[in-house]
Protein chains: 2
Amino acid sequence: MDIKSVISFAEKHSQRFIDDLVEFVEIPSVSSSSEHIDDVRRCADFLKDKMLQSGLQRAEIFETAGHPVVYGEWLGAEGKPTVLIYGHYDVQPVDPLDLWESPPFEPAIRNGRMYGRGTVDDKGQIYVHLKAIESWLSEHGQLPVNVKFIAEGEEEIGSENLGDFLDKNQELLKADSAVISDTPMFKKGMPSICYGLRGLAYFQLNLRGSKQDLHSGSFGGAVKNPIHALAEIISQLKDESGQISIPEFYDDVIPISKKEHADLSALPFDKEEYREDVGAPALFGEKGYSVLENLWARPTLDVCGIWGGFQGEGAKTIIPAEAHAKVSMRLVPNQNPERVGDLFEAFIKEIAPPEVEVSVERLHGGDGFVADVSHPAFNAAKRALQKGFGKKAVFIREGGSIPFVQTMVDALKIPCLLIGFGLPNENAHAPNEWLDLENYQLGIISSIYLYEELAQN
Amino acid sequence: MDIKSVISFAEKHSQRFIDDLVEFVEIPSVSSSSEHIDDVRRCADFLKDKMLQSGLQRAEIFETAGHPVVYGEWLGAEGKPTVLIYGHYDVQPVDPLDLWESPPFEPAIRNGRMYGRGTVDDKGQIYVHLKAIESWLSEHGQLPVNVKFIAEGEEEIGSENLGDFLDKNQELLKADSAVISDTPMFKKGMPSICYGLRGLAYFQLNLRGSKQDLHSGSFGGAVKNPIHALAEIISQLKDESGQISIPEFYDDVIPISKKEHADLSALPFDKEEYREDVGAPALFGEKGYSVLENLWARPTLDVCGIWGGFQGEGAKTIIPAEAHAKVSMRLVPNQNPERVGDLFEAFIKEIAPPEVEVSVERLHGGDGFVADVSHPAFNAAKRALQKGFGKKAVFIREGGSIPFVQTMVDALKIPCLLIGFGLPNENAHAPNEWLDLENYQLGIISSIYLYEELAQN
């Protein structure tokens, strides 16, 4: 089959591919919010239809205990390998809404970017593959490999039901390699293969001091303020060097090898440029490690949200009854989220002041991942990216989490290629999320090549 | 004039006096919120009309740079002393609204209590005096003293424009003594004269880490989280013994005298009962002082509110760009709020981590107050309360602030009687604020006596 005509098809239809993505992004499939439960369902149905329209032989909704999984397949390449493509059609919440320059679910195109929630994480990247598949099937009615495509609706809330889906559908999902496009490129113009992800353990801390809010004048001086207690707890979670203070937390952390240290140091990373991009007065990370090591290969702890008492205009003089915080830890491979949860709970109990009630809720967790890059699939991916972008691919890790990856690798025993087409500053999880439309196009073309390269394996 | 018939009048009309108060509480005069600006104005107009209906000779709205002052007078007691009565018709915000058992501005009567925002703080206590005045004037067309009545609309936001009103109207406000009913009784059945108040200094802390929210996976480990920075700052504001750590903070604090220590120790205070009432697992206060000393005669610092990042349902994985806190300090007499503000700002600058931007907003401040209880007005008050309640009055202090008191004492050089009819657990500033209706009635009767007693001075 002539690949040139497939590439031409993708190039000819590039504007339509953008228009099609707009429709997908318009659906507010926020998985964490119960008010969007119908939108998530609608998004799954929409994607199923689009899979069929792209030429897949079969597409189906699979129910789970939570949001559904969308499955599609094309199995007409007899004797050829099978590629399992994974993406997620659910998106992050949108608040703070007032910081969006255009509404999150009304995609807007400005300066070669598409702005909207889910444009890069991960709807745009699902469409990279769907459009690559469409290009092959439109031109030749054939793909060079067999394709199985799953898109889940719970990635942003920990993929809790995907493990179960996988267990129940092992035969259906059998494949020779997996491809996931949900990680960023190292930078624009530098196609990247990600070989490591961090895991996640996410908690909510709930503190109660008194049975209700108290007048800060009448009661100030006699009770422990739960906000103070929470501040004291948070300030004890890390030490001055940026190390997490939870006992035994680092026991299972694999040290960074000399080779990896050298490889990561060789990447063109400009600390000052990074700081400026982030907009922070100064960077802060665990001492003794480079920024990339801290981002990719060391665990971290962050409070993602905090609230308690009066947040309005002016000066309300109360001692609040309650204070709360969301605490997220990024773990490295070999750290177990359950064990980390146990250690965290034990430490919180130890340091919680006796004058307040403290409880820990475990909101979700997921394993980290590191790939064996010696597998031939990684070479195939390198060749495809070189052809698609006209530039050499780099090997990177990623600080974020895709909990499903390790689960899948454990269950299916296949290599997993993390080839993403997003950029690190595309505001995934923040206001004004965007997708670089050139990368969208080059991603489609690279994927067209990728299926052919994987057919050679 | 026969006082018995005045008391009878008040007793006969006790149910109507309750009904009248309901109307006053129904007006949502929340001074801190710009959305209630018209309600505050409406409340001032309402009160002016009620002053005239109670029989005062004159009532008027005085404009200020903020919410207006309502002024009323009856000056027909020739040769008799003049009493200046002060109250405030503005109320605290109502959030968290979901914790109210009945709507804050739809007063509900349950078990001899009236529930509603402002019932005790301070609308009910304004009405105590208005109904005592009405009782005298209805029965005799005369009061035993001359009365000037001012009600301001900015007490809950620091009485910022009242000093200016006072300066401009010194002649109008000239009086021999002042009476303020805005403090609690020590406990039910124990009529109380308050001789000390704490001052106030209220701030907002604003922290910024990055230019926008960041993905906690992609960026976690490289930046300082502003919530962590805020937690570190808050945890450094007080030490383990409950002492405020701001340098020079205690320089102007007057030590508690042996006599006062003995007097306060003699009050019937049950620590365990207090703890249970508050609903805290344990009490917490500055070491080396009794609970009452910490509440009344020692300064405190409390975070009244905190917010930053994700507060919704589920698990959003971000590092927030901003974090904020409202910080309130209760000061003791001789501490200057301006100087405390300077010390606070300097300390925040010193301890703020360099990786975040920190700013301090000064929201408001006010002086503390201690009275010279040897003045004859205090004896008059004791006699009136003994007659009204049939019980001996106690001398107490109060942890809350009425910034106007010290300003008034400085300007008018008159003794100021703080005789309140609220109870410490009536949820002023909290959800389900209530007023004990027996105290409302006994307050009216005591005030009827008080005017007569003050006429003897």
# chains A, B, ... in the order shown; residues from 1 in each chain; ligands from 1
>>> residues_around(residues="Phe269 of chain A", least_positions_apart="3", cutoff="12 Å", atoms="only C-alpha atoms", output="ChimeraX atom specification")
/A:186-187,263-266,272-275,290-293,396
>>> residues_around(residues="Glu155 of chain A", least_positions_apart="3", cutoff="9 Å", atoms="only C-alpha atoms", output="list of chain:residue names")
A:Ser31, A:Gly87, A:His88, A:Tyr89, A:Asp90, A:Val91, A:Glu152, A:Gly158, A:Ser159, A:Glu160, A:Leu162, A:Ile402, A:Pro403, A:Phe404
>>> write_last_selection(atoms="C-alpha atoms", output="mmCIF file, in the first residue's frame")
data_model
loop_
_atom_site.group_PDB
_atom_site.id
_atom_site.type_symbol
_atom_site.label_atom_id
_atom_site.label_comp_id
_atom_site.auth_asym_id
_atom_site.auth_seq_id
_atom_site.Cartn_x
_atom_site.Cartn_y
_atom_site.Cartn_z
ATOM 1 C CA SER A 31 -15.629 13.058 34.902
ATOM 2 C CA GLY A 87 -6.935 7.464 25.148
ATOM 3 C CA HIS A 88 -9.413 9.099 27.483
ATOM 4 C CA TYR A 89 -12.421 11.163 26.495
ATOM 5 C CA ASP A 90 -13.035 12.630 29.980
ATOM 6 C CA VAL A 91 -11.593 16.023 30.927
ATOM 7 C CA GLU A 152 -11.983 5.549 28.873
ATOM 8 C CA GLY A 158 -7.941 7.689 38.621
ATOM 9 C CA SER A 159 -9.147 5.090 36.073
ATOM 10 C CA GLU A 160 -10.719 3.200 38.925
ATOM 11 C CA LEU A 162 -10.478 0.291 33.971
ATOM 12 C CA ILE A 402 -1.612 7.657 33.662
ATOM 13 C CA PRO A 403 -2.482 5.002 36.210
ATOM 14 C CA PHE A 404 -3.785 2.666 33.534
#
>>> closest_residue(among="A:Phe219, A:Tyr127, A:Phe284, A:Phe344", to="Phe249 of chain A", atoms="only C-alpha atoms")
A:Phe344
>>> closest_residue(among="B:Ile7, B:Val394, B:Ala231, B:Ile133", to="Gly55 of chain B", atoms="only C-alpha atoms")
B:Ile133
>>> residues_around(residues="segment 221-229 of chain A", least_positions_apart="2", cutoff="9 Å", atoms="only C-alpha atoms", output="PyMOL selection string")
(chain A and resi 207-210+216-219+231-234+307-309+319-324+352-353+355-357) or (chain B and resi 231+234-235+238+242+275+278+280+282-286+291-296+298-306+330+399)
>>> select_by_dssp(residues="segment 250-387 of chain A", states="strand (DSSP E or B)", output="PyMOL selection string")
chain A and resi 300-309+318-319+322-331+357-366+369-370
>>> atom_distance(atom1="atom CA of Pro28 of chain B", atom2="atom CA of Phe105 of chain B")
6.2 Å
>>> closest_residue(among="A:Asp122, A:Glu276, A:Glu240, A:Glu134", to="Phe421 of chain A", atoms="only C-alpha atoms")
A:Asp122
>>> residues_around(residues="segment 430-447 of chain A", least_positions_apart="3", cutoff="8 Å", atoms="only C-alpha atoms", output="PyMOL selection string")
(chain A and resi 7+10-11+14+18+94-97+99-102+104+112-120+124-125+128-129+131-132+384-385+387-389+421-423+426-427+450-451) or (chain B and resi 212-215+318)
>>> select_by_dssp(residues="segment 45-92 of chain A", states="alpha helix (DSSP H)", output="MDAnalysis selection string")
chainID A and resid 45:53
>>> closest_residue(among="A:Asp176, A:Glu35, A:Asp49, A:Glu73", to="chain B", atoms="only C-alpha atoms")
A:Glu35
